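Okay, work-v1.txt now, which holds compact mmCIF, C-alpha atoms:
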```txt
# COMPACT_ATOMS: atom_id res chain seq x y z
CA MET A 1 -31.64 21.45 -21.12
CA TRP A 2 -31.22 19.78 -17.77
CA LEU A 3 -29.57 16.64 -19.07
CA PRO A 4 -25.99 18.09 -19.22
CA ILE A 5 -26.34 19.34 -15.64
CA LEU A 6 -27.63 15.92 -14.66
CA GLY A 7 -24.59 14.46 -16.42
CA LEU A 8 -22.28 16.73 -14.42
CA ILE A 9 -23.92 15.77 -11.14
CA THR A 10 -23.82 12.06 -12.06
CA GLY A 11 -20.14 12.33 -12.94
CA VAL A 12 -19.33 14.05 -9.65
CA LEU A 13 -21.33 11.44 -7.75
CA ILE A 14 -19.61 8.55 -9.50
CA GLY A 15 -16.24 10.17 -8.88
CA SER A 16 -17.11 10.62 -5.20
CA MET A 17 -18.36 7.07 -4.81
CA PHE A 18 -15.13 5.45 -5.97
CA THR A 19 -12.21 6.51 -3.81
CA PHE A 20 -9.99 6.43 -6.81
CA THR A 21 -6.94 8.67 -6.99
CA ILE A 22 -4.32 8.85 -9.69
CA PRO A 23 -0.61 8.88 -8.87
CA ILE A 24 0.56 12.32 -7.80
CA ILE A 25 3.07 12.62 -10.64
CA TYR A 26 0.16 12.50 -13.12
CA ALA A 27 -1.96 15.03 -11.21
CA LYS A 28 -0.57 17.95 -13.22
CA TYR A 29 -1.50 16.34 -16.54
CA LEU A 30 -5.01 15.63 -15.32
CA SER A 31 -5.46 19.20 -14.08
CA VAL A 32 -4.54 20.61 -17.49
CA SER A 33 -6.86 18.04 -19.09
CA VAL A 34 -9.69 19.20 -16.86
CA LEU A 35 -9.09 22.77 -18.00
CA ALA A 36 -9.17 21.66 -21.64
CA ALA A 37 -12.40 19.75 -21.01
CA LEU A 38 -13.99 22.82 -19.43
CA ASP A 39 -12.97 24.88 -22.45
CA SER A 40 -14.54 22.32 -24.79
CA LEU A 41 -17.76 22.34 -22.80
CA LEU A 42 -18.01 26.13 -22.83
CA GLY A 43 -17.31 26.04 -26.55
CA SER A 44 -20.12 23.54 -27.00
CA VAL A 45 -22.55 25.76 -25.07
CA LYS A 46 -21.54 28.68 -27.22
CA ALA A 47 -22.01 26.61 -30.40
CA LEU A 48 -25.40 25.56 -29.12
CA LEU A 49 -26.46 29.16 -28.70
CA GLU A 50 -25.11 30.10 -32.13
CA ASP A 51 -26.76 27.08 -33.72
CA SER A 52 -23.47 25.70 -34.97
CA PHE A 53 -23.49 22.74 -32.58
CA ASP A 54 -22.16 19.43 -33.85
CA SER A 55 -21.89 16.38 -31.60
CA ALA A 56 -18.91 15.00 -33.54
CA ILE A 57 -17.00 18.26 -33.14
CA LEU A 58 -17.80 18.36 -29.42
CA ILE A 59 -16.72 14.78 -28.68
CA SER A 60 -13.61 14.90 -30.85
CA GLY A 61 -12.63 18.32 -29.56
CA PHE A 62 -13.26 17.28 -25.99
CA PHE A 63 -10.86 14.36 -26.13
CA ALA A 64 -8.36 15.91 -28.53
CA ASN A 65 -8.01 19.06 -26.39
CA MET A 66 -7.60 16.96 -23.26
CA LEU A 67 -4.97 14.77 -24.85
CA LEU A 68 -3.14 17.72 -26.33
CA ALA A 69 -3.11 19.60 -23.04
CA ALA A 70 -1.89 16.58 -21.10
CA GLY A 71 0.59 15.76 -23.86
CA LEU A 72 1.95 19.32 -23.77
CA ALA A 73 2.40 19.13 -20.02
CA PHE A 74 4.08 15.74 -20.36
CA MET A 75 6.36 16.93 -23.12
CA GLY A 76 7.23 20.03 -21.12
CA ASP A 77 8.25 17.85 -18.23
CA ARG A 78 10.45 15.76 -20.50
CA LEU A 79 12.04 18.82 -22.12
CA GLY A 80 12.50 20.72 -18.88
CA LEU A 81 10.20 23.46 -20.18
CA ASP A 82 6.96 24.50 -18.53
CA LEU A 83 4.96 23.79 -21.68
CA TYR A 84 1.81 23.19 -19.66
CA MET A 85 1.81 26.94 -19.08
CA ALA A 86 1.18 27.36 -22.80
CA ALA A 87 -1.86 25.13 -22.52
CA VAL A 88 -3.07 26.93 -19.38
CA ILE A 89 -2.73 30.38 -20.93
CA ALA A 90 -4.27 29.41 -24.27
CA LEU A 91 -7.14 27.59 -22.60
CA GLY A 92 -7.66 30.42 -20.10
CA ILE A 93 -7.96 32.97 -22.89
CA ARG A 94 -10.34 30.70 -24.76
CA LEU A 95 -12.40 30.18 -21.64
CA PHE A 96 -12.93 33.88 -21.17
CA SER A 97 -13.64 34.52 -24.85
CA ASN A 98 -16.09 31.62 -24.93
CA LEU A 99 -17.79 32.88 -21.80
CA GLY A 100 -18.00 36.37 -23.31
CA ALA A 101 -19.56 35.01 -26.50
CA ILE A 102 -22.09 33.01 -24.48
CA ARG A 103 -22.96 36.10 -22.52
CA ARG A 104 -23.49 38.19 -25.64
CA ASP A 105 -25.46 35.45 -27.36
CA LEU A 106 -27.77 35.12 -24.40
CA MET A 107 -28.32 38.87 -24.30
CA GLU A 108 -28.98 39.09 -28.00
CA MET A 109 -31.34 36.18 -27.78
CA HIS A 110 -33.18 37.93 -25.02
CA HIS A 111 -33.42 41.16 -27.03
CA THR A 112 -34.65 39.40 -30.18
CA ARG A 113 -37.22 37.47 -28.17
CA LYS A 114 -38.44 40.73 -26.72
CA ALA A 115 -38.57 42.31 -30.24
CA LEU A 116 -40.48 39.29 -31.53
CA LYS A 117 -43.00 39.56 -28.74
CA GLN A 118 -43.47 43.25 -29.44
CA ALA A 119 -43.84 42.58 -33.16
CA LYS A 120 -46.40 39.88 -32.40
CA ALA A 121 -48.33 42.26 -30.26
CA GLU A 122 -48.26 44.94 -32.94
CA ALA A 123 -49.32 42.43 -35.57
CA GLY A 124 -52.18 41.44 -33.32
CA GLU A 125 -53.29 45.03 -33.04
CA ILE A 126 -53.11 45.37 -36.83
CA ASN A 127 -55.07 42.18 -37.27
CA ASP A 128 -57.65 43.47 -34.86
CA GLU A 129 -57.84 46.70 -36.81
CA THR A 130 -58.24 44.94 -40.17
CA GLN A 131 -60.93 42.68 -38.82
CA GLN A 132 -62.97 45.62 -37.65
CA MET B 1 -53.74 42.81 -44.84
CA MET B 2 -51.33 40.52 -46.71
CA LYS B 3 -48.59 43.06 -46.28
CA HIS B 4 -49.01 43.04 -42.56
CA ASN B 5 -49.01 39.28 -42.54
CA ASN B 6 -45.80 39.17 -44.55
CA SER B 7 -44.10 41.55 -42.19
CA PHE B 8 -45.24 39.38 -39.27
CA TYR B 9 -43.74 36.21 -40.79
CA SER B 10 -40.56 37.92 -41.77
CA ILE B 11 -40.08 39.08 -38.21
CA THR B 12 -40.67 35.58 -36.80
CA LYS B 13 -37.55 34.38 -38.64
CA ILE B 14 -34.84 35.37 -36.17
CA TYR B 15 -31.30 35.42 -37.49
CA HIS B 16 -28.20 35.42 -35.38
CA PRO B 17 -26.75 38.87 -35.74
CA ARG B 18 -23.15 37.77 -36.33
CA HIS B 19 -23.48 34.39 -38.00
CA LYS B 20 -26.43 35.19 -40.21
CA ARG B 21 -27.96 31.84 -39.49
CA GLN B 22 -31.45 31.13 -38.38
CA LEU B 23 -31.93 30.76 -34.65
CA LYS B 24 -34.21 27.86 -34.02
CA PRO B 25 -35.24 25.81 -31.03
CA PHE B 26 -32.49 23.24 -30.21
CA SER B 27 -33.20 19.78 -31.51
CA GLN B 28 -33.04 17.83 -28.26
CA LYS B 29 -31.80 14.53 -29.73
CA THR B 30 -28.63 15.76 -31.33
CA TRP B 31 -26.97 17.66 -28.54
CA THR B 32 -28.23 16.32 -25.21
CA VAL B 33 -26.63 12.88 -25.47
CA SER B 34 -23.17 14.10 -26.44
CA MET B 35 -23.28 16.91 -23.90
CA PHE B 36 -24.48 14.51 -21.24
CA ILE B 37 -21.52 12.25 -21.93
CA THR B 38 -18.97 15.06 -21.98
CA PHE B 39 -20.35 16.69 -18.86
CA LEU B 40 -20.35 13.34 -17.10
CA ILE B 41 -16.71 12.73 -17.99
CA PHE B 42 -15.87 16.28 -16.97
CA GLY B 43 -17.50 15.81 -13.57
CA LEU B 44 -15.70 12.53 -13.10
CA LEU B 45 -12.33 14.02 -13.98
CA LEU B 46 -12.98 17.03 -11.77
CA THR B 47 -13.72 14.85 -8.75
CA VAL B 48 -10.77 12.57 -9.33
CA GLN B 49 -8.45 15.53 -9.75
CA TYR B 50 -9.86 17.18 -6.63
CA ARG B 51 -9.36 14.03 -4.60
CA THR B 52 -5.86 13.59 -5.95
CA LYS B 53 -5.03 17.15 -5.04
CA ILE B 54 -6.31 16.67 -1.50
CA ALA B 55 -4.31 13.45 -1.18
CA ALA B 56 -1.21 15.21 -2.49
CA GLU B 57 -1.69 18.06 -0.02
CA ASN B 58 -2.04 15.62 2.84
CA SER B 59 0.98 13.59 1.82
CA LEU B 60 4.20 14.20 3.72
CA ALA B 61 6.03 15.36 0.60
CA ASN B 62 3.86 18.47 0.42
CA GLN B 63 3.96 19.46 4.07
CA LYS B 64 5.72 22.62 5.21
CA GLN B 65 9.18 22.17 6.59
CA GLU B 66 8.18 23.43 10.04
CA ASP B 67 5.25 21.02 10.11
CA LEU B 68 7.51 18.17 9.10
CA VAL B 69 9.99 19.09 11.81
CA ALA B 70 7.13 19.24 14.33
CA ILE B 71 5.82 15.87 13.16
CA LEU B 72 9.29 14.37 13.36
CA LYS B 73 9.82 15.79 16.84
CA ASN B 74 6.45 14.48 17.94
CA LEU B 75 7.19 11.04 16.56
CA ASN B 76 10.62 11.03 18.16
CA THR B 77 9.23 11.89 21.58
CA ASN B 78 6.54 9.27 21.07
CA LYS B 79 9.17 6.74 20.16
CA ALA B 80 11.29 7.66 23.18
CA ASN B 81 8.26 7.37 25.44
CA LEU B 82 7.35 4.02 24.00
CA GLU B 83 10.92 2.79 24.31
CA ALA B 84 11.02 3.85 27.95
CA GLU B 85 7.72 2.10 28.52
CA LEU B 86 9.04 -0.99 26.79
CA GLU B 87 12.13 -0.96 28.97
CA SER B 88 10.15 -0.58 32.17
CA LEU B 89 7.78 -3.32 31.09
CA GLN B 90 10.70 -5.57 30.29
CA ASN B 91 12.17 -4.85 33.71
CA THR B 92 8.84 -5.67 35.29
CA LYS B 93 8.70 -8.85 33.28
CA LYS B 94 12.21 -9.79 34.39
CA SER B 95 11.48 -9.12 38.05
CA LEU B 96 8.21 -11.02 37.79
CA GLU B 97 10.00 -13.92 36.20
CA ALA B 98 12.61 -13.86 38.94
CA LYS B 99 9.86 -13.74 41.54
CA SER B 100 8.00 -16.57 39.88
CA GLU B 101 11.19 -18.61 39.78
CA ALA B 102 11.84 -17.87 43.45
CA GLY B 103 8.23 -18.74 44.21
CA LEU B 104 8.59 -21.95 42.27
CA SER B 105 11.75 -22.99 44.10
CA LEU B 106 10.16 -21.98 47.41
CA ASN B 107 7.14 -24.04 46.47
CA ASN B 108 9.38 -26.98 45.61
CA SER B 109 11.30 -26.74 48.86
CA LEU B 110 8.02 -26.38 50.77
CA GLN B 111 6.67 -29.45 49.01
CA LYS B 112 9.81 -31.34 49.97
CA GLN B 113 9.47 -30.17 53.56
CA ILE B 114 5.83 -31.15 53.61
CA ARG B 115 6.78 -34.58 52.31
CA GLN B 116 9.51 -34.78 54.92
CA TYR B 117 7.12 -33.90 57.71
CA GLN B 118 4.52 -36.29 56.38
CA ILE B 119 7.07 -39.08 56.40
CA ALA B 120 8.25 -38.12 59.87
CA ASN B 121 4.71 -37.89 61.20
CA GLY B 122 3.58 -41.07 59.52
CA ASN B 123 0.94 -39.40 57.40
CA VAL B 124 1.86 -41.36 54.30
CA ASP B 125 2.68 -44.86 53.25
CA ILE B 126 6.39 -45.22 52.79
CA GLY B 127 8.68 -47.77 51.23
CA GLY B 128 12.31 -48.38 50.49
CA PRO B 129 15.26 -50.64 51.24
CA GLY B 130 15.82 -51.79 54.77
CA VAL B 131 15.62 -54.76 57.11
CA SER B 132 12.89 -56.76 58.76
CA ILE B 133 13.46 -58.45 62.09
CA THR B 134 11.20 -61.34 62.95
CA ILE B 135 10.87 -62.47 66.56
CA THR B 136 8.90 -65.69 66.89
CA ALA B 137 6.34 -66.46 69.55
CA ASP B 138 8.49 -68.90 71.49
CA SER B 139 11.07 -66.27 72.39
CA ASN B 140 11.14 -64.61 75.78
CA ILE B 141 11.22 -61.00 74.70
CA MET B 142 10.52 -58.05 76.92
CA SER B 143 9.47 -54.52 76.17
CA TYR B 144 12.97 -53.25 77.04
CA ASP B 145 14.40 -55.50 74.37
CA LEU B 146 11.99 -54.04 71.82
CA ILE B 147 12.91 -50.51 72.92
CA ASP B 148 16.60 -51.39 72.67
CA LEU B 149 16.08 -52.86 69.20
CA VAL B 150 14.21 -49.81 67.97
CA ASN B 151 16.83 -47.51 69.52
CA GLU B 152 19.59 -49.50 67.88
CA LEU B 153 17.79 -49.19 64.54
CA TRP B 154 17.51 -45.40 64.96
CA ILE B 155 21.20 -45.27 65.90
CA SER B 156 22.11 -47.28 62.82
CA GLY B 157 20.47 -44.69 60.64
CA ALA B 158 16.97 -45.98 60.16
CA GLU B 159 14.65 -43.38 58.68
CA ALA B 160 11.43 -45.10 59.65
CA VAL B 161 10.68 -47.98 61.98
CA ALA B 162 7.49 -49.94 62.58
CA ILE B 163 6.56 -52.84 64.79
CA ASN B 164 3.85 -55.05 63.29
CA ASP B 165 3.13 -52.17 60.88
CA ILE B 166 2.65 -49.71 63.76
CA ARG B 167 4.85 -46.72 63.03
CA MET B 168 7.34 -45.52 65.63
CA LEU B 169 6.43 -41.86 66.13
CA ASP B 170 7.63 -39.20 68.55
CA THR B 171 4.83 -40.11 70.96
CA THR B 172 5.07 -43.86 70.60
CA THR B 173 5.20 -45.92 73.77
CA ILE B 174 6.29 -49.52 74.06
CA GLU B 175 4.91 -51.13 77.16
CA GLN B 176 4.49 -54.44 78.86
CA THR B 177 1.06 -54.95 80.43
CA GLU B 178 -1.29 -57.70 81.43
CA ASP B 179 -4.39 -58.50 79.48
CA LYS B 180 -7.77 -59.72 80.83
CA ASN B 181 -6.45 -63.21 81.38
CA ASN B 182 -3.47 -61.87 83.33
CA ASN B 183 -1.10 -62.81 80.56
CA VAL B 184 1.85 -60.53 80.00
CA VAL B 185 1.52 -58.81 76.65
CA LEU B 186 3.58 -56.25 74.79
CA THR B 187 1.81 -53.17 73.48
CA VAL B 188 2.78 -50.39 71.15
CA ASP B 189 0.69 -47.29 71.65
CA GLY B 190 -1.80 -49.45 73.46
CA GLN B 191 -2.13 -51.99 70.67
CA VAL B 192 -1.31 -55.55 71.68
CA LEU B 193 1.48 -57.12 69.66
CA LEU B 194 0.64 -60.55 68.30
CA SER B 195 3.33 -63.03 67.45
CA PRO B 196 5.37 -63.15 65.42
CA ILE B 197 6.63 -59.65 66.13
CA ILE B 198 8.03 -58.17 62.95
CA ILE B 199 10.10 -55.00 63.22
CA THR B 200 10.57 -53.25 59.88
CA ALA B 201 13.04 -50.43 59.34
CA ILE B 202 13.79 -48.36 56.25
CA GLY B 203 17.37 -47.25 55.74
CA ASP B 204 20.66 -48.55 54.41
CA SER B 205 20.04 -52.28 54.85
CA ALA B 206 23.72 -53.23 55.27
CA THR B 207 24.35 -50.60 57.93
CA LEU B 208 21.18 -51.50 59.77
CA GLU B 209 22.07 -55.16 59.78
CA LYS B 210 25.61 -54.48 60.96
CA GLY B 211 24.37 -52.16 63.70
CA LEU B 212 22.28 -55.01 65.05
CA THR B 213 24.59 -57.97 64.61
CA PHE B 214 28.05 -56.73 65.50
CA PRO B 215 29.72 -58.87 68.19
CA GLY B 216 28.62 -57.66 71.61
CA GLY B 217 25.76 -55.86 69.95
CA ILE B 218 22.12 -56.09 70.81
CA VAL B 219 21.35 -59.25 68.87
CA ASP B 220 24.41 -60.93 70.30
CA ASN B 221 23.22 -59.92 73.78
CA LEU B 222 19.69 -61.19 73.13
CA ASN B 223 21.10 -64.46 71.81
CA THR B 224 23.42 -65.12 74.69
CA LEU B 225 21.58 -63.56 77.66
CA TYR B 226 17.89 -64.15 76.88
CA GLN B 227 17.93 -66.86 74.23
CA VAL B 228 16.01 -64.62 71.88
CA TYR B 229 16.91 -65.24 68.29
CA PRO B 230 15.66 -62.50 66.02
CA GLN B 231 15.82 -63.32 62.33
CA ILE B 232 17.19 -60.40 60.38
CA LYS B 233 16.34 -60.17 56.70
CA LYS B 234 17.60 -57.51 54.34
CA SER B 235 15.16 -56.36 51.72
CA ASP B 236 15.04 -53.87 48.89
CA SER B 237 11.36 -53.14 49.31
CA ILE B 238 10.24 -52.68 52.88
CA PHE B 239 6.71 -51.25 53.05
CA ILE B 240 5.42 -49.37 56.07
CA PRO B 241 1.79 -48.19 55.93
CA MET B 242 0.76 -44.78 57.20
CA ALA B 243 0.37 -44.42 60.93
CA THR B 244 -2.95 -44.88 62.68
CA ASN B 245 -1.59 -43.94 66.10
CA ILE B 246 -1.08 -40.21 65.50
CA LYS B 247 -1.91 -38.02 68.47
CA VAL B 248 -3.42 -34.63 67.83
CA ASN B 249 -1.77 -31.77 69.70
CA GLN B 250 -4.02 -30.07 72.16
CA TYR B 251 -1.76 -27.74 74.09
CA VAL B 252 1.14 -27.03 71.79
CA LYS B 253 0.47 -23.77 70.09
```
Now, as a test, write the supplied structure out as structure tokens.
Amino acid sequence: MWLPILGLITGVLIGSMFTFTIPIIYAKYLSVSVLAALDSLLGSVKALLEDSFDSAILISGFFANMLLAAGLAFMGDRLGLDLYMAAVIALGIRLFSNLGAIRRDLMEMHHTRKALKQAKAEAGEINDETQQ
Amino acid sequence: MMKHNNSFYSITKIYHPRHKRQLKPFSQKTWTVSMFITFLIFGLLLTVQYRTKIAAENSLANQKQEDLVAILKNLNTNKANLEAELESLQNTKKSLEAKSEAGLSLNNSLQKQIRQYQIANGNVDIGGPGVSITITADSNIMSYDLIDLVNELWISGAEAVAINDIRMLDTTTIEQTEDKNNNVVLTVDGQVLLSPIIITAIGDSATLEKGLTFPGGIVDNLNTLYQVYPQIKKSDSIFIPMATNIKVNQYVK
């Protein structure tokens, strides 16, 4: 549970330790890539909650989305078209839908847990009754 | 009882409402590693992008026009100030150099003057071309003759004169006195002259010699009137040691 958060913190720390910057002309591509990566991560959390998680899908999607987003931005620059906007809009929509799904999943999980607890309690009462 | 148990077990199997799949505790191994890696990369990218953004914002290309104008103005005034400072410093340097040069030449001329005064006052050993006049013991020479000889040497352009290595200074006296045995002796600044008397003079040797030996001159007079026969010898290296008969001023201020 805490390992992904630890990974995030480690990544931020490593990034802060090395004073590495990329050339400014590539900053736009990286920013779109970061958005794609965030979308992949939210998708993975959602998959985790819905029990459809697959490491291969996460890793491949993570890098493929990043590359596609950066590639779109790059291509847009070459064609004189703001294609990175397409990536931003698509990813933005996905981000919100993913977040919404995660929210609902968490709520439903909470409700089912509560129902389970109640059922357990009732079953206990029944058991107590039968034993008497 | 069995019925209740069945209902209990059926309710423990929780299905996801939309996906109709069983919800079960996450198997730690499968997801943590890949999520750790992806989160790590995400954090790394986020930081790098953030830093790049900050660097881009701070770069001149992304500054506002007014800011750039202000920066340019500031730099220009700075430059002007520094240029003015440079100019003034260069002027100072020039004036200092001029002063140092003047000081150097003054120093040189003062050194020359000091040397001149030392030579004149007999504070140093001196040498140069000149003549030496030897007067042997058998000659009948008087103090006046010595004075005349020395005067003639000065007139002929001698720069330094000494009798028996005693320098002729501004206070020098040439006298004729009697010693303890009542013999007449010649003295220079109180020092008794022993024979042979050798007068050395530094100057242009030819001129000095001519000044002494011209017909009707002092040597001619000495020869004919007093039978004194000074031997005049020109030399390229007359040496006169520093004076020992210097008087220290007491009253001149």
Inset, instruction - To one decimal in Å, tell me the separation between CA of Ser143 in chain B and CA of Asn123 in chain B. - result: 25.6 Å
Inset, instruction - Go ahead and compute the interatomic distance for CA of Met85 in chain A and CA of Ser34 in chain B, in Å to one decimal. - result: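 One can read the CA of Met85 in chain A to CA of Ser34 in chain B distance as 29.0 Å.
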Legend entry - For CA of Ile57 in chain A and CA of Gly92 in chain A, the interatomic separation in Å (one decimal): 20.1 Å
Chain A near chain B within 8 Å: what's each residue's closest atom pair and its distance in Å to one decimal, counting only C-alpha atoms, ordered by chain then ascending residue number, as JSON lines?
```
{"residue": "A:Met1", "atom": "CA", "partner": "B:Thr32", "partner_atom": "CA", "distance": 7.4}
{"residue": "A:Leu3", "atom": "CA", "partner": "B:Phe36", "partner_atom": "CA", "distance": 5.9}
{"residue": "A:Pro4", "atom": "CA", "partner": "B:Phe36", "partner_atom": "CA", "distance": 4.4}
{"residue": "A:Ile5", "atom": "CA", "partner": "B:Phe39", "partner_atom": "CA", "distance": 7.3}
{"residue": "A:Leu6", "atom": "CA", "partner": "B:Phe36", "partner_atom": "CA", "distance": 7.4}
{"residue": "A:Gly7", "atom": "CA", "partner": "B:Leu40", "partner_atom": "CA", "distance": 4.4}
{"residue": "A:Leu8", "atom": "CA", "partner": "B:Leu40", "partner_atom": "CA", "distance": 4.7}
{"residue": "A:Ile9", "atom": "CA", "partner": "B:Gly43", "partner_atom": "CA", "distance": 6.9}
{"residue": "A:Thr10", "atom": "CA", "partner": "B:Leu40", "partner_atom": "CA", "distance": 6.3}
{"residue": "A:Gly11", "atom": "CA", "partner": "B:Leu40", "partner_atom": "CA", "distance": 4.3}
{"residue": "A:Val12", "atom": "CA", "partner": "B:Gly43", "partner_atom": "CA", "distance": 4.7}
{"residue": "A:Leu13", "atom": "CA", "partner": "B:Leu44", "partner_atom": "CA", "distance": 7.8}
{"residue": "A:Ile14", "atom": "CA", "partner": "B:Leu44", "partner_atom": "CA", "distance": 6.6}
{"residue": "A:Gly15", "atom": "CA", "partner": "B:Leu44", "partner_atom": "CA", "distance": 4.9}
{"residue": "A:Ser16", "atom": "CA", "partner": "B:Thr47", "partner_atom": "CA", "distance": 6.5}
{"residue": "A:Phe20", "atom": "CA", "partner": "B:Val48", "partner_atom": "CA", "distance": 6.7}
{"residue": "A:Thr21", "atom": "CA", "partner": "B:Thr52", "partner_atom": "CA", "distance": 5.1}
{"residue": "A:Ile22", "atom": "CA", "partner": "B:Thr52", "partner_atom": "CA", "distance": 6.2}
{"residue": "A:Pro23", "atom": "CA", "partner": "B:Thr52", "partner_atom": "CA", "distance": 7.6}
{"residue": "A:Ile24", "atom": "CA", "partner": "B:Ala56", "partner_atom": "CA", "distance": 6.3}
{"residue": "A:Ala27", "atom": "CA", "partner": "B:Gln49", "partner_atom": "CA", "distance": 6.7}
{"residue": "A:Leu30", "atom": "CA", "partner": "B:Gln49", "partner_atom": "CA", "distance": 6.5}
{"residue": "A:Ser31", "atom": "CA", "partner": "B:Gln49", "partner_atom": "CA", "distance": 6.4}
{"residue": "A:Val34", "atom": "CA", "partner": "B:Leu46", "partner_atom": "CA", "distance": 6.4}
{"residue": "A:Ala37", "atom": "CA", "partner": "B:Phe42", "partner_atom": "CA", "distance": 6.4}
{"residue": "A:Leu38", "atom": "CA", "partner": "B:Phe42", "partner_atom": "CA", "distance": 7.2}
{"residue": "A:Leu41", "atom": "CA", "partner": "B:Phe39", "partner_atom": "CA", "distance": 7.4}
{"residue": "A:Ser44", "atom": "CA", "partner": "B:Met35", "partner_atom": "CA", "distance": 8.0}
{"residue": "A:Leu48", "atom": "CA", "partner": "B:Phe26", "partner_atom": "CA", "distance": 7.5}
{"residue": "A:Glu50", "atom": "CA", "partner": "B:His16", "partner_atom": "CA", "distance": 7.0}
{"residue": "A:Asp51", "atom": "CA", "partner": "B:Leu23", "partner_atom": "CA", "distance": 6.4}
{"residue": "A:Phe53", "atom": "CA", "partner": "B:Trp31", "partner_atom": "CA", "distance": 7.4}
{"residue": "A:Asp54", "atom": "CA", "partner": "B:Trp31", "partner_atom": "CA", "distance": 7.4}
{"residue": "A:Ser55", "atom": "CA", "partner": "B:Ser34", "partner_atom": "CA", "distance": 5.8}
{"residue": "A:Leu58", "atom": "CA", "partner": "B:Ser34", "partner_atom": "CA", "distance": 7.5}
{"residue": "A:Ile59", "atom": "CA", "partner": "B:Ser34", "partner_atom": "CA", "distance": 6.9}
{"residue": "A:Phe62", "atom": "CA", "partner": "B:Thr38", "partner_atom": "CA", "distance": 7.3}
{"residue": "A:Thr112", "atom": "CA", "partner": "B:Ile14", "partner_atom": "CA", "distance": 7.2}
{"residue": "A:Leu116", "atom": "CA", "partner": "B:Thr12", "partner_atom": "CA", "distance": 6.4}
{"residue": "A:Ala119", "atom": "CA", "partner": "B:Phe8", "partner_atom": "CA", "distance": 7.0}
{"residue": "A:Lys120", "atom": "CA", "partner": "B:Phe8", "partner_atom": "CA", "distance": 7.0}
{"residue": "A:Ala123", "atom": "CA", "partner": "B:Phe8", "partner_atom": "CA", "distance": 6.3}
{"residue": "A:Ile126", "atom": "CA", "partner": "B:His4", "partner_atom": "CA", "distance": 7.4}
{"residue": "A:Asn127", "atom": "CA", "partner": "B:Met1", "partner_atom": "CA", "distance": 7.7}
{"residue": "A:Thr130", "atom": "CA", "partner": "B:Met1", "partner_atom": "CA", "distance": 6.8}
```
Legend entry - Closest of A:Ala90, A:Ala56, A:Val32, A:Leu99 to Gly71 in chain A - atom-to-atom distances counting only C-alpha atoms: A:Val32
Return as AutoDock Vina command-line options the centre and edge lengths, in Å with one decimal, of the box along x, y and z that encloses every atom of range 60-77 of chain B in the file, padded by 3 Å per side.
```
--center_x 7.2 --center_y 17.2 --center_z 11.0 --size_x 12.8 --size_y 18.4 --size_z 27.2
```
Find the spatial neighbours of Lys233 in chain B, counting only C-alpha atoms, within a cut-off of 12 Å - ignore same-chain residues fewer than 4 positions away - and output them as an mmCIF file with C-alpha atoms, in the coordinates of the input.
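Output below, filename out.cif:
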```cif
data_model
loop_
_atom_site.group_PDB
_atom_site.id
_atom_site.type_symbol
_atom_site.label_atom_id
_atom_site.label_comp_id
_atom_site.auth_asym_id
_atom_site.auth_seq_id
_atom_site.Cartn_x
_atom_site.Cartn_y
_atom_site.Cartn_z
ATOM 1 C CA PRO B 129 15.260 -50.640 51.240
ATOM 2 C CA GLY B 130 15.820 -51.790 54.770
ATOM 3 C CA VAL B 131 15.620 -54.760 57.110
ATOM 4 C CA SER B 132 12.890 -56.760 58.760
ATOM 5 C CA ILE B 133 13.460 -58.450 62.090
ATOM 6 C CA THR B 134 11.200 -61.340 62.950
ATOM 7 C CA ILE B 135 10.870 -62.470 66.560
ATOM 8 C CA ILE B 198 8.030 -58.170 62.950
ATOM 9 C CA ILE B 199 10.100 -55.000 63.220
ATOM 10 C CA THR B 200 10.570 -53.250 59.880
ATOM 11 C CA ALA B 201 13.040 -50.430 59.340
ATOM 12 C CA SER B 205 20.040 -52.280 54.850
ATOM 13 C CA ALA B 206 23.720 -53.230 55.270
ATOM 14 C CA LEU B 208 21.180 -51.500 59.770
ATOM 15 C CA GLU B 209 22.070 -55.160 59.780
ATOM 16 C CA LYS B 210 25.610 -54.480 60.960
ATOM 17 C CA LEU B 212 22.280 -55.010 65.050
ATOM 18 C CA THR B 213 24.590 -57.970 64.610
ATOM 19 C CA SER B 237 11.360 -53.140 49.310
ATOM 20 C CA ILE B 238 10.240 -52.680 52.880
#
```
Legend entry - Non-local contacts of Lys46 in chain A (12 Å; all atoms listed in the file; under 5 positions in same chain excluded) as a list in words: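 Near Lys46 in chain A, the qualifying residues are Asp39, Ser40, Leu41, Asp51, Ser52, Phe53, Asp54, Leu58, Arg94, Leu95, Phe96, Ser97, Asn98, Leu99, Gly100, Ala101, Ile102, Arg103, Arg104, Asp105 and Leu106 of chain A.
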Inset, instruction - Give as JSON, numbers by chain the set of residues within 10 Å of the point (3.1, 25.6, -23.0), where distances use the file's coordinates and all atoms listed in the file. - result: {"A": [69, 72, 73, 75, 76, 81, 82, 83, 84, 85, 86, 87, 88, 89, 90]}
Inset, instruction - Pick out the closest residue to Leu153 in chain B from this set: B:Leu186, B:Ile232, B:Ala84, B:Leu106. Count all atoms listed in the file. - result: B:Ile232
